[in-house]
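Q: Contents of upload.tsv (TSV, C-alpha atoms) are given next:
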```tsv
chain	number	residue	atom	x	y	z
A	1	MET	CA	0.00	0.00	0.00
A	2	LYS	CA	1.07	3.53	-0.67
A	3	VAL	CA	1.47	5.87	2.32
A	4	SER	CA	1.05	9.63	2.09
A	5	ILE	CA	2.76	11.61	4.84
A	6	ILE	CA	1.56	15.20	5.08
A	7	THR	CA	3.82	17.84	6.59
A	8	VAL	CA	2.25	21.22	7.33
A	9	CYS	CA	4.69	24.07	7.84
A	10	PHE	CA	5.01	27.83	8.21
A	11	ASN	CA	8.31	29.59	8.89
A	12	SER	CA	9.74	26.26	10.04
A	13	ALA	CA	13.33	26.64	8.84
A	14	GLU	CA	14.75	25.83	12.29
A	15	THR	CA	13.11	22.42	12.53
A	16	ILE	CA	11.85	21.14	9.18
A	17	ARG	CA	15.12	19.58	8.07
A	18	ASP	CA	14.82	16.99	10.84
A	19	THR	CA	11.30	16.21	9.63
A	20	MET	CA	12.37	15.89	6.00
A	21	VAL	CA	15.35	13.67	6.78
A	22	SER	CA	13.29	11.38	9.00
A	23	VAL	CA	10.78	10.79	6.21
A	24	ALA	CA	13.47	10.38	3.54
A	25	ASN	CA	15.21	7.74	5.69
A	26	GLN	CA	12.14	5.53	6.17
A	27	THR	CA	12.65	1.95	5.05
A	28	TYR	CA	9.06	1.53	3.88
A	29	PRO	CA	9.34	1.59	0.06
A	30	ASP	CA	6.18	3.39	-1.07
A	31	ILE	CA	5.94	6.80	0.61
A	32	GLU	CA	4.56	10.02	-0.85
A	33	HIS	CA	5.66	13.05	1.18
A	34	VAL	CA	3.20	15.93	0.76
A	35	ILE	CA	4.28	19.41	1.86
A	36	VAL	CA	1.74	22.14	2.62
A	37	ASP	CA	3.41	25.46	3.40
A	38	GLY	CA	1.44	28.50	4.49
A	39	GLY	CA	3.59	30.97	2.56
A	40	SER	CA	6.73	30.97	4.69
A	41	LYS	CA	8.94	34.04	4.71
A	42	ASP	CA	12.06	32.30	5.99
A	43	ARG	CA	14.17	29.52	4.42
A	44	THR	CA	11.57	26.80	4.90
A	45	MET	CA	10.89	26.27	1.21
A	46	GLU	CA	14.59	26.40	0.33
A	47	ILE	CA	15.13	23.46	2.67
A	48	VAL	CA	12.10	21.65	1.25
A	49	GLN	CA	13.47	22.06	-2.27
A	50	GLU	CA	16.65	20.25	-1.26
A	51	PHE	CA	14.47	17.12	-1.03
A	52	ARG	CA	12.38	17.83	-4.14
A	53	ASP	CA	13.28	14.59	-5.92
A	54	GLN	CA	11.87	12.60	-3.00
A	55	LEU	CA	8.62	14.55	-2.63
A	56	GLY	CA	5.08	14.27	-3.87
A	57	PRO	CA	2.83	17.35	-4.14
A	58	VAL	CA	4.25	20.60	-2.74
A	59	ILE	CA	1.82	23.42	-1.96
A	60	SER	CA	2.99	26.86	-0.82
A	61	GLU	CA	0.28	29.47	-0.41
A	62	PRO	CA	-1.56	31.36	2.32
A	63	ASP	CA	-4.10	29.30	4.25
A	64	LYS	CA	-6.61	29.68	7.04
A	65	GLY	CA	-4.46	27.96	9.62
A	66	LEU	CA	-3.13	24.55	10.62
A	67	TYR	CA	-6.28	22.53	9.96
A	68	ASP	CA	-6.98	24.20	6.63
A	69	ALA	CA	-3.46	23.20	5.59
A	70	MET	CA	-4.07	19.63	6.76
A	71	ASN	CA	-7.24	19.49	4.68
A	72	LYS	CA	-5.29	20.68	1.64
A	73	GLY	CA	-2.75	17.94	2.24
A	74	VAL	CA	-5.39	15.23	2.53
A	75	GLN	CA	-7.00	16.41	-0.68
A	76	ALA	CA	-3.64	16.37	-2.51
A	77	ALA	CA	-2.53	12.99	-1.15
A	78	THR	CA	-2.86	9.90	-3.32
A	79	GLY	CA	-1.88	7.20	-0.80
A	80	ASP	CA	-4.03	4.38	0.52
A	81	VAL	CA	-3.03	5.37	4.06
A	82	ILE	CA	-2.44	8.92	5.33
A	83	GLY	CA	-0.28	10.14	8.21
A	84	ILE	CA	0.36	13.71	9.35
A	85	LEU	CA	3.83	14.68	10.61
A	86	ASN	CA	4.21	18.31	11.61
A	87	SER	CA	7.30	20.32	10.80
A	88	ASP	CA	8.68	20.29	14.35
A	89	ASP	CA	8.25	16.51	14.75
A	90	PHE	CA	10.21	13.61	13.29
A	91	TYR	CA	10.05	9.83	13.17
A	92	GLU	CA	11.79	8.09	16.03
A	93	THR	CA	13.32	5.32	13.90
A	94	ASP	CA	13.84	4.56	10.23
A	95	ASP	CA	11.36	1.66	10.42
A	96	ALA	CA	8.53	3.62	12.08
A	97	VAL	CA	6.29	3.68	9.00
A	98	GLN	CA	7.14	0.05	8.25
A	99	ALA	CA	5.92	-0.97	11.71
A	100	VAL	CA	2.61	0.79	11.13
A	101	MET	CA	2.14	-0.71	7.70
A	102	ASP	CA	2.97	-4.18	9.01
A	103	ALA	CA	-0.04	-3.79	11.32
A	104	PHE	CA	-2.28	-2.86	8.39
A	105	GLY	CA	-0.90	-5.85	6.50
A	106	ARG	CA	-1.63	-8.28	9.32
A	107	GLN	CA	-5.23	-7.05	9.66
A	108	PRO	CA	-6.57	-5.77	6.33
A	109	ASP	CA	-9.84	-4.67	7.96
A	110	LEU	CA	-8.12	-1.99	10.08
A	111	ASP	CA	-8.97	1.66	9.46
A	112	ILE	CA	-6.56	3.30	11.89
A	113	VAL	CA	-3.19	2.37	13.38
A	114	PHE	CA	-1.43	4.46	16.01
A	115	GLY	CA	1.68	4.14	18.14
A	116	ASN	CA	3.45	5.96	20.95
A	117	VAL	CA	5.18	9.33	21.06
A	118	VAL	CA	7.87	10.94	23.17
A	119	PHE	CA	8.13	14.66	23.84
A	120	VAL	CA	11.61	16.17	23.95
A	121	ALA	CA	13.15	19.46	24.99
A	122	PRO	CA	13.55	21.72	21.92
A	123	GLU	CA	17.08	22.63	22.98
A	124	ASP	CA	18.11	18.98	23.50
A	125	LEU	CA	16.34	16.43	21.30
A	126	SER	CA	17.76	13.57	23.35
A	127	ALA	CA	16.13	14.84	26.57
A	128	ILE	CA	12.73	13.14	26.90
A	129	THR	CA	10.28	15.23	28.92
A	130	ARG	CA	7.18	13.07	28.50
A	131	PHE	CA	6.37	9.58	27.25
A	132	TYR	CA	2.87	8.89	25.94
A	133	ARG	CA	2.20	5.18	25.70
A	134	ALA	CA	-1.12	5.05	23.85
A	135	GLY	CA	-2.04	1.44	24.62
A	136	HIS	CA	-4.48	2.48	27.34
A	137	PHE	CA	-6.70	4.38	24.92
A	138	ARG	CA	-10.28	3.23	24.37
A	139	PRO	CA	-12.99	5.22	22.54
A	140	TRP	CA	-15.02	5.64	25.75
A	141	LYS	CA	-12.13	7.68	27.13
A	142	LEU	CA	-12.78	10.45	24.61
A	143	ARG	CA	-15.34	11.96	26.99
A	144	PHE	CA	-12.52	12.27	29.55
A	145	GLY	CA	-10.24	14.13	27.15
A	146	TRP	CA	-8.07	11.23	25.97
A	147	MET	CA	-7.13	10.70	22.34
A	148	PRO	CA	-4.44	8.77	20.46
A	149	PRO	CA	-1.37	10.85	19.54
A	150	HIS	CA	-2.26	12.50	16.24
A	151	PRO	CA	1.29	12.57	14.75
A	152	ALA	CA	1.64	8.82	15.39
A	153	THR	CA	-1.72	7.98	13.80
A	154	PHE	CA	-2.18	6.59	10.29
A	155	VAL	CA	-5.62	6.45	8.71
A	156	ARG	CA	-7.02	4.86	5.56
A	157	ARG	CA	-8.08	7.34	2.91
A	158	GLU	CA	-11.61	5.93	3.04
A	159	ALA	CA	-11.94	7.15	6.63
A	160	TYR	CA	-11.38	10.74	5.54
A	161	GLU	CA	-13.79	10.26	2.66
A	162	ALA	CA	-16.46	8.87	4.99
A	163	CYS	CA	-16.02	11.25	7.93
A	164	GLY	CA	-15.09	14.53	6.26
A	165	GLN	CA	-12.44	17.18	6.81
A	166	TYR	CA	-10.88	18.79	9.86
A	167	ARG	CA	-13.22	21.51	11.09
A	168	LEU	CA	-11.90	25.04	10.79
A	169	ASP	CA	-14.07	26.40	13.61
A	170	PHE	CA	-11.82	24.66	16.16
A	171	LYS	CA	-8.59	26.52	16.94
A	172	ILE	CA	-6.50	23.73	18.51
A	173	ALA	CA	-8.72	20.66	18.93
A	174	ALA	CA	-9.93	19.89	15.41
A	175	ASP	CA	-7.80	16.74	15.48
A	176	TYR	CA	-9.58	15.70	18.69
A	177	GLU	CA	-12.96	16.36	17.10
A	178	MET	CA	-11.90	14.22	14.15
A	179	PHE	CA	-11.01	11.34	16.47
A	180	VAL	CA	-14.49	11.63	17.98
A	181	ARG	CA	-16.00	11.23	14.53
A	182	TRP	CA	-13.66	8.40	13.56
A	183	LEU	CA	-13.82	6.30	16.70
A	184	ALA	CA	-16.94	7.21	18.67
A	185	ILE	CA	-19.34	8.04	15.86
A	186	ALA	CA	-18.20	5.99	12.85
A	187	GLY	CA	-16.77	3.19	15.01
A	188	LEU	CA	-13.73	2.71	12.81
A	189	ARG	CA	-11.50	-0.25	13.56
A	190	TYR	CA	-8.15	0.59	15.12
A	191	GLN	CA	-5.02	-1.01	16.53
A	192	TRP	CA	-2.22	0.24	18.75
A	193	VAL	CA	1.39	-0.59	17.88
A	194	ASN	CA	3.63	-0.69	20.95
A	195	LYS	CA	6.43	1.32	19.42
A	196	VAL	CA	7.52	4.95	19.64
A	197	ILE	CA	6.63	6.31	16.22
A	198	VAL	CA	7.28	10.03	16.60
A	199	ARG	CA	9.56	12.29	18.62
A	200	MET	CA	7.87	15.65	19.25
A	201	ARG	CA	9.37	18.92	20.39
A	202	ALA	CA	7.55	20.12	23.50
A	203	GLY	CA	5.81	23.48	23.35
A	204	GLY	CA	3.32	22.98	20.52
A	205	VAL	CA	0.16	25.03	20.20
A	206	SER	CA	-1.88	22.73	22.45
A	207	THR	CA	0.80	22.45	25.16
A	208	SER	CA	2.15	26.00	25.31
A	209	GLY	CA	0.65	27.32	28.52
A	210	ILE	CA	-2.37	27.55	30.78
A	211	LYS	CA	-4.35	29.70	28.35
A	212	SER	CA	-3.90	27.16	25.55
A	213	SER	CA	-4.70	24.29	27.90
A	214	LEU	CA	-7.98	25.89	28.96
A	215	LEU	CA	-8.94	26.55	25.34
A	216	LEU	CA	-8.05	22.98	24.41
A	217	ASN	CA	-10.18	21.52	27.19
A	218	ARG	CA	-13.15	23.72	26.31
A	219	GLU	CA	-12.88	22.65	22.69
A	220	ILE	CA	-12.68	19.00	23.75
A	221	VAL	CA	-15.95	19.40	25.64
A	222	ARG	CA	-17.52	21.09	22.63
A	223	ALA	CA	-16.23	18.39	20.25
A	224	CYS	CA	-17.92	15.71	22.33
A	225	LEU	CA	-21.19	17.53	22.92
A	226	GLU	CA	-21.63	18.52	19.28
A	227	ASN	CA	-21.22	14.85	18.32
A	228	GLY	CA	-23.74	13.62	20.89
A	229	ILE	CA	-21.27	12.47	23.56
A	230	TYR	CA	-21.96	13.76	27.04
A	231	THR	CA	-19.06	15.28	28.96
A	232	ASN	CA	-18.18	18.42	30.87
A	233	LEU	CA	-15.09	20.35	31.86
A	234	ALA	CA	-14.83	18.58	35.20
A	235	LEU	CA	-14.71	15.15	33.53
A	236	VAL	CA	-12.11	16.31	31.02
A	237	MET	CA	-9.93	17.80	33.75
A	238	THR	CA	-9.68	14.40	35.48
A	239	LYS	CA	-7.02	13.44	32.94
A	240	LEU	CA	-4.54	16.01	34.27
A	241	PRO	CA	-3.06	13.87	37.11
A	242	PHE	CA	-2.39	11.08	34.62
A	243	LYS	CA	-0.73	13.50	32.20
A	244	LEU	CA	1.48	14.73	35.03
A	245	MET	CA	2.54	11.13	35.61
A	246	GLU	CA	3.63	10.93	31.98
A	247	LEU	CA	6.09	13.76	32.60
A	248	TRP	CA	8.01	11.35	34.79
A	249	ARG	CA	7.44	8.25	32.71
A	250	LYS	CA	10.42	8.28	30.39
A	251	SER	CA	11.09	4.56	30.12
A	252	GLY	CA	9.26	1.40	29.15
A	253	ARG	CA	9.23	2.31	25.49
```
What do you get writing this file as structure tokens?

A:
Amino acid sequence: MKVSIITVCFNSAETIRDTMVSVANQTYPDIEHVIVDGGSKDRTMEIVQEFRDQLGPVISEPDKGLYDAMNKGVQAATGDVIGILNSDDFYETDDAVQAVMDAFGRQPDLDIVFGNVVFVAPEDLSAITRFYRAGHFRPWKLRFGWMPPHPATFVRREAYEACGQYRLDFKIAADYEMFVRWLAIAGLRYQWVNKVIVRMRAGGVSTSGIKSSLLLNREIVRACLENGIYTNLALVMTKLPFKLMELWRKSGR
């Protein structure tokens, strides 16, 4: 099967080379790397062009934000399976995509495969600050604010076709709302792979402070309620002690 990996970027010159190299080094033989740039003003596109012979569609134009760019990437992708790897993230190992695709190969009825992620300090990519082992996830946990790690999730194209695009009226939780549609509403079949798939720099839009955390949790509640799943802010906030534990859980990968 062909895999499309979508990288969304904007003024990402400081980090995107790591992303590009990690995709280029994957051992899985049939990868289409789709780049969606929001009209960067720095050297982002110069770095992207260094990899041009190894890329699929490249889009560079103004957009309406992160999720609009993701939608453009999904529309441009031609793979059977789609993954999204942001421009400040990179694959943990050269066989990360192969491990995911092996899972699809073993169970052809799967719609979604996801693995684990580690968060690292931006100034020291070897310093793990949080380990998210996604094996505990179950769809019923969505009402409590839990979701699989989006950068380590691979989805069949048919799932996007059946469930629609990322919603642009969510600022930082449109990926969460999409998981609600995929797993709680459509009941898509999924499997967890016990492997670190992606290494993420800490400090992304959804983890960059109390204000962002509050907005994220409010949008999680809204994502559930608008899809007919009862929750409230108090239920969603119960996940915080467990997330704090992950800050100290840096082994067992």

Q: Mind giving me the straight-line distance from CA of Ile197 in chain A to CA of Glu92 in chain A in Å, one decimal?

A: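 We find that CA of Ile197 in chain A and CA of Glu92 in chain A lie 5.5 Å from each other.
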
Q: Between CA of Val34 in chain A and CA of Gly56 in chain A, what is the spacing in Å?

A: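 Atom-to-atom, CA of Gly56 in chain A and CA of Val34 in chain A are spaced 5.3 Å apart.
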
Q: Any idea what the distance is between CA of Lys41 in chain A and CA of Ser4 in chain A?

A: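 One can read the CA of Lys41 in chain A to CA of Ser4 in chain A distance as 25.8 Å.
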
Q: If we count only C-alpha atoms and set the cut-off at 10 Å, which residues sit around Ser12 in chain A, ignoring sequence neighbours fewer than 4 positions away in its own chain? Please answer as an MDAnalysis selection string.

A: chainID A and resid 8 16:17 37 40:45 47 86:88

Q: Would you kindly return, as a tab-separated table (two decimals) with C-alpha atoms, in the coordinates of the input, each protein, DNA or RNA residue with an atom no farther than 7 Å from any atom of range 222-232 of chain A, considering all atoms listed in the file and excluding same-chain residues fewer than 4 positions away?

A:
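Below is the file that was written, around_17.tsv:
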```
chain	number	residue	atom	x	y	z
A	143	ARG	CA	-15.34	11.96	26.99
A	177	GLU	CA	-12.96	16.36	17.10
A	180	VAL	CA	-14.49	11.63	17.98
A	218	ARG	CA	-13.15	23.72	26.31
A	236	VAL	CA	-12.11	16.31	31.02
```

Q: Starting from the structure just given, write a file holding range 12-137 of chain A with C-alpha atoms, as a PDB file, in the first residue's frame.

A:
```pdb
ATOM      1  CA  SER A  12       9.741  26.259  10.038  1.00  0.00           C
ATOM      2  CA  ALA A  13      13.328  26.640   8.842  1.00  0.00           C
ATOM      3  CA  GLU A  14      14.754  25.832  12.287  1.00  0.00           C
ATOM      4  CA  THR A  15      13.111  22.416  12.526  1.00  0.00           C
ATOM      5  CA  ILE A  16      11.852  21.140   9.180  1.00  0.00           C
ATOM      6  CA  ARG A  17      15.124  19.578   8.067  1.00  0.00           C
ATOM      7  CA  ASP A  18      14.820  16.990  10.842  1.00  0.00           C
ATOM      8  CA  THR A  19      11.302  16.207   9.626  1.00  0.00           C
ATOM      9  CA  MET A  20      12.369  15.893   5.997  1.00  0.00           C
ATOM     10  CA  VAL A  21      15.345  13.673   6.783  1.00  0.00           C
ATOM     11  CA  SER A  22      13.287  11.382   9.001  1.00  0.00           C
ATOM     12  CA  VAL A  23      10.775  10.787   6.205  1.00  0.00           C
ATOM     13  CA  ALA A  24      13.468  10.379   3.544  1.00  0.00           C
ATOM     14  CA  ASN A  25      15.210   7.744   5.687  1.00  0.00           C
ATOM     15  CA  GLN A  26      12.142   5.535   6.172  1.00  0.00           C
ATOM     16  CA  THR A  27      12.652   1.952   5.050  1.00  0.00           C
ATOM     17  CA  TYR A  28       9.061   1.532   3.876  1.00  0.00           C
ATOM     18  CA  PRO A  29       9.344   1.589   0.064  1.00  0.00           C
ATOM     19  CA  ASP A  30       6.180   3.389  -1.066  1.00  0.00           C
ATOM     20  CA  ILE A  31       5.935   6.796   0.609  1.00  0.00           C
ATOM     21  CA  GLU A  32       4.562  10.018  -0.846  1.00  0.00           C
ATOM     22  CA  HIS A  33       5.662  13.049   1.179  1.00  0.00           C
ATOM     23  CA  VAL A  34       3.204  15.934   0.762  1.00  0.00           C
ATOM     24  CA  ILE A  35       4.281  19.415   1.860  1.00  0.00           C
ATOM     25  CA  VAL A  36       1.743  22.135   2.623  1.00  0.00           C
ATOM     26  CA  ASP A  37       3.408  25.457   3.399  1.00  0.00           C
ATOM     27  CA  GLY A  38       1.440  28.504   4.491  1.00  0.00           C
ATOM     28  CA  GLY A  39       3.587  30.967   2.557  1.00  0.00           C
ATOM     29  CA  SER A  40       6.726  30.968   4.694  1.00  0.00           C
ATOM     30  CA  LYS A  41       8.940  34.038   4.715  1.00  0.00           C
ATOM     31  CA  ASP A  42      12.063  32.305   5.994  1.00  0.00           C
ATOM     32  CA  ARG A  43      14.167  29.525   4.424  1.00  0.00           C
ATOM     33  CA  THR A  44      11.571  26.796   4.896  1.00  0.00           C
ATOM     34  CA  MET A  45      10.893  26.272   1.206  1.00  0.00           C
ATOM     35  CA  GLU A  46      14.590  26.400   0.329  1.00  0.00           C
ATOM     36  CA  ILE A  47      15.133  23.464   2.669  1.00  0.00           C
ATOM     37  CA  VAL A  48      12.101  21.648   1.253  1.00  0.00           C
ATOM     38  CA  GLN A  49      13.466  22.063  -2.266  1.00  0.00           C
ATOM     39  CA  GLU A  50      16.653  20.252  -1.263  1.00  0.00           C
ATOM     40  CA  PHE A  51      14.469  17.118  -1.027  1.00  0.00           C
ATOM     41  CA  ARG A  52      12.381  17.829  -4.143  1.00  0.00           C
ATOM     42  CA  ASP A  53      13.285  14.585  -5.922  1.00  0.00           C
ATOM     43  CA  GLN A  54      11.874  12.603  -2.999  1.00  0.00           C
ATOM     44  CA  LEU A  55       8.622  14.550  -2.628  1.00  0.00           C
ATOM     45  CA  GLY A  56       5.078  14.274  -3.875  1.00  0.00           C
ATOM     46  CA  PRO A  57       2.834  17.348  -4.141  1.00  0.00           C
ATOM     47  CA  VAL A  58       4.251  20.598  -2.736  1.00  0.00           C
ATOM     48  CA  ILE A  59       1.823  23.420  -1.962  1.00  0.00           C
ATOM     49  CA  SER A  60       2.993  26.859  -0.815  1.00  0.00           C
ATOM     50  CA  GLU A  61       0.282  29.474  -0.414  1.00  0.00           C
ATOM     51  CA  PRO A  62      -1.556  31.359   2.319  1.00  0.00           C
ATOM     52  CA  ASP A  63      -4.096  29.301   4.251  1.00  0.00           C
ATOM     53  CA  LYS A  64      -6.613  29.680   7.045  1.00  0.00           C
ATOM     54  CA  GLY A  65      -4.456  27.959   9.619  1.00  0.00           C
ATOM     55  CA  LEU A  66      -3.133  24.552  10.619  1.00  0.00           C
ATOM     56  CA  TYR A  67      -6.279  22.529   9.960  1.00  0.00           C
ATOM     57  CA  ASP A  68      -6.984  24.201   6.632  1.00  0.00           C
ATOM     58  CA  ALA A  69      -3.463  23.197   5.592  1.00  0.00           C
ATOM     59  CA  MET A  70      -4.069  19.627   6.758  1.00  0.00           C
ATOM     60  CA  ASN A  71      -7.240  19.489   4.676  1.00  0.00           C
ATOM     61  CA  LYS A  72      -5.295  20.676   1.636  1.00  0.00           C
ATOM     62  CA  GLY A  73      -2.754  17.944   2.237  1.00  0.00           C
ATOM     63  CA  VAL A  74      -5.391  15.231   2.534  1.00  0.00           C
ATOM     64  CA  GLN A  75      -6.999  16.410  -0.685  1.00  0.00           C
ATOM     65  CA  ALA A  76      -3.642  16.369  -2.511  1.00  0.00           C
ATOM     66  CA  ALA A  77      -2.531  12.985  -1.145  1.00  0.00           C
ATOM     67  CA  THR A  78      -2.861   9.898  -3.322  1.00  0.00           C
ATOM     68  CA  GLY A  79      -1.884   7.201  -0.804  1.00  0.00           C
ATOM     69  CA  ASP A  80      -4.035   4.382   0.524  1.00  0.00           C
ATOM     70  CA  VAL A  81      -3.034   5.373   4.059  1.00  0.00           C
ATOM     71  CA  ILE A  82      -2.443   8.917   5.335  1.00  0.00           C
ATOM     72  CA  GLY A  83      -0.279  10.144   8.209  1.00  0.00           C
ATOM     73  CA  ILE A  84       0.360  13.705   9.346  1.00  0.00           C
ATOM     74  CA  LEU A  85       3.825  14.681  10.611  1.00  0.00           C
ATOM     75  CA  ASN A  86       4.208  18.312  11.613  1.00  0.00           C
ATOM     76  CA  SER A  87       7.296  20.321  10.805  1.00  0.00           C
ATOM     77  CA  ASP A  88       8.678  20.286  14.348  1.00  0.00           C
ATOM     78  CA  ASP A  89       8.253  16.512  14.751  1.00  0.00           C
ATOM     79  CA  PHE A  90      10.207  13.607  13.295  1.00  0.00           C
ATOM     80  CA  TYR A  91      10.054   9.832  13.171  1.00  0.00           C
ATOM     81  CA  GLU A  92      11.794   8.086  16.027  1.00  0.00           C
ATOM     82  CA  THR A  93      13.324   5.319  13.896  1.00  0.00           C
ATOM     83  CA  ASP A  94      13.839   4.564  10.228  1.00  0.00           C
ATOM     84  CA  ASP A  95      11.363   1.660  10.421  1.00  0.00           C
ATOM     85  CA  ALA A  96       8.532   3.623  12.082  1.00  0.00           C
ATOM     86  CA  VAL A  97       6.292   3.682   9.005  1.00  0.00           C
ATOM     87  CA  GLN A  98       7.140   0.048   8.248  1.00  0.00           C
ATOM     88  CA  ALA A  99       5.917  -0.972  11.715  1.00  0.00           C
ATOM     89  CA  VAL A 100       2.612   0.794  11.128  1.00  0.00           C
ATOM     90  CA  MET A 101       2.141  -0.707   7.699  1.00  0.00           C
ATOM     91  CA  ASP A 102       2.967  -4.178   9.005  1.00  0.00           C
ATOM     92  CA  ALA A 103      -0.038  -3.792  11.321  1.00  0.00           C
ATOM     93  CA  PHE A 104      -2.276  -2.862   8.387  1.00  0.00           C
ATOM     94  CA  GLY A 105      -0.897  -5.846   6.498  1.00  0.00           C
ATOM     95  CA  ARG A 106      -1.627  -8.280   9.315  1.00  0.00           C
ATOM     96  CA  GLN A 107      -5.227  -7.052   9.655  1.00  0.00           C
ATOM     97  CA  PRO A 108      -6.565  -5.768   6.334  1.00  0.00           C
ATOM     98  CA  ASP A 109      -9.836  -4.669   7.964  1.00  0.00           C
ATOM     99  CA  LEU A 110      -8.124  -1.988  10.079  1.00  0.00           C
ATOM    100  CA  ASP A 111      -8.969   1.663   9.457  1.00  0.00           C
ATOM    101  CA  ILE A 112      -6.563   3.299  11.894  1.00  0.00           C
ATOM    102  CA  VAL A 113      -3.189   2.371  13.382  1.00  0.00           C
ATOM    103  CA  PHE A 114      -1.427   4.460  16.011  1.00  0.00           C
ATOM    104  CA  GLY A 115       1.684   4.141  18.139  1.00  0.00           C
ATOM    105  CA  ASN A 116       3.454   5.960  20.948  1.00  0.00           C
ATOM    106  CA  VAL A 117       5.184   9.331  21.061  1.00  0.00           C
ATOM    107  CA  VAL A 118       7.870  10.942  23.165  1.00  0.00           C
ATOM    108  CA  PHE A 119       8.134  14.664  23.836  1.00  0.00           C
ATOM    109  CA  VAL A 120      11.614  16.166  23.949  1.00  0.00           C
ATOM    110  CA  ALA A 121      13.153  19.463  24.989  1.00  0.00           C
ATOM    111  CA  PRO A 122      13.547  21.715  21.921  1.00  0.00           C
ATOM    112  CA  GLU A 123      17.084  22.628  22.978  1.00  0.00           C
ATOM    113  CA  ASP A 124      18.109  18.981  23.497  1.00  0.00           C
ATOM    114  CA  LEU A 125      16.345  16.433  21.300  1.00  0.00           C
ATOM    115  CA  SER A 126      17.757  13.566  23.347  1.00  0.00           C
ATOM    116  CA  ALA A 127      16.133  14.841  26.567  1.00  0.00           C
ATOM    117  CA  ILE A 128      12.735  13.138  26.900  1.00  0.00           C
ATOM    118  CA  THR A 129      10.283  15.227  28.920  1.00  0.00           C
ATOM    119  CA  ARG A 130       7.181  13.068  28.505  1.00  0.00           C
ATOM    120  CA  PHE A 131       6.371   9.584  27.248  1.00  0.00           C
ATOM    121  CA  TYR A 132       2.874   8.892  25.944  1.00  0.00           C
ATOM    122  CA  ARG A 133       2.199   5.179  25.696  1.00  0.00           C
ATOM    123  CA  ALA A 134      -1.121   5.051  23.853  1.00  0.00           C
ATOM    124  CA  GLY A 135      -2.045   1.445  24.620  1.00  0.00           C
ATOM    125  CA  HIS A 136      -4.477   2.478  27.341  1.00  0.00           C
ATOM    126  CA  PHE A 137      -6.700   4.377  24.916  1.00  0.00           C
TER     127      PHE A 137
END
```
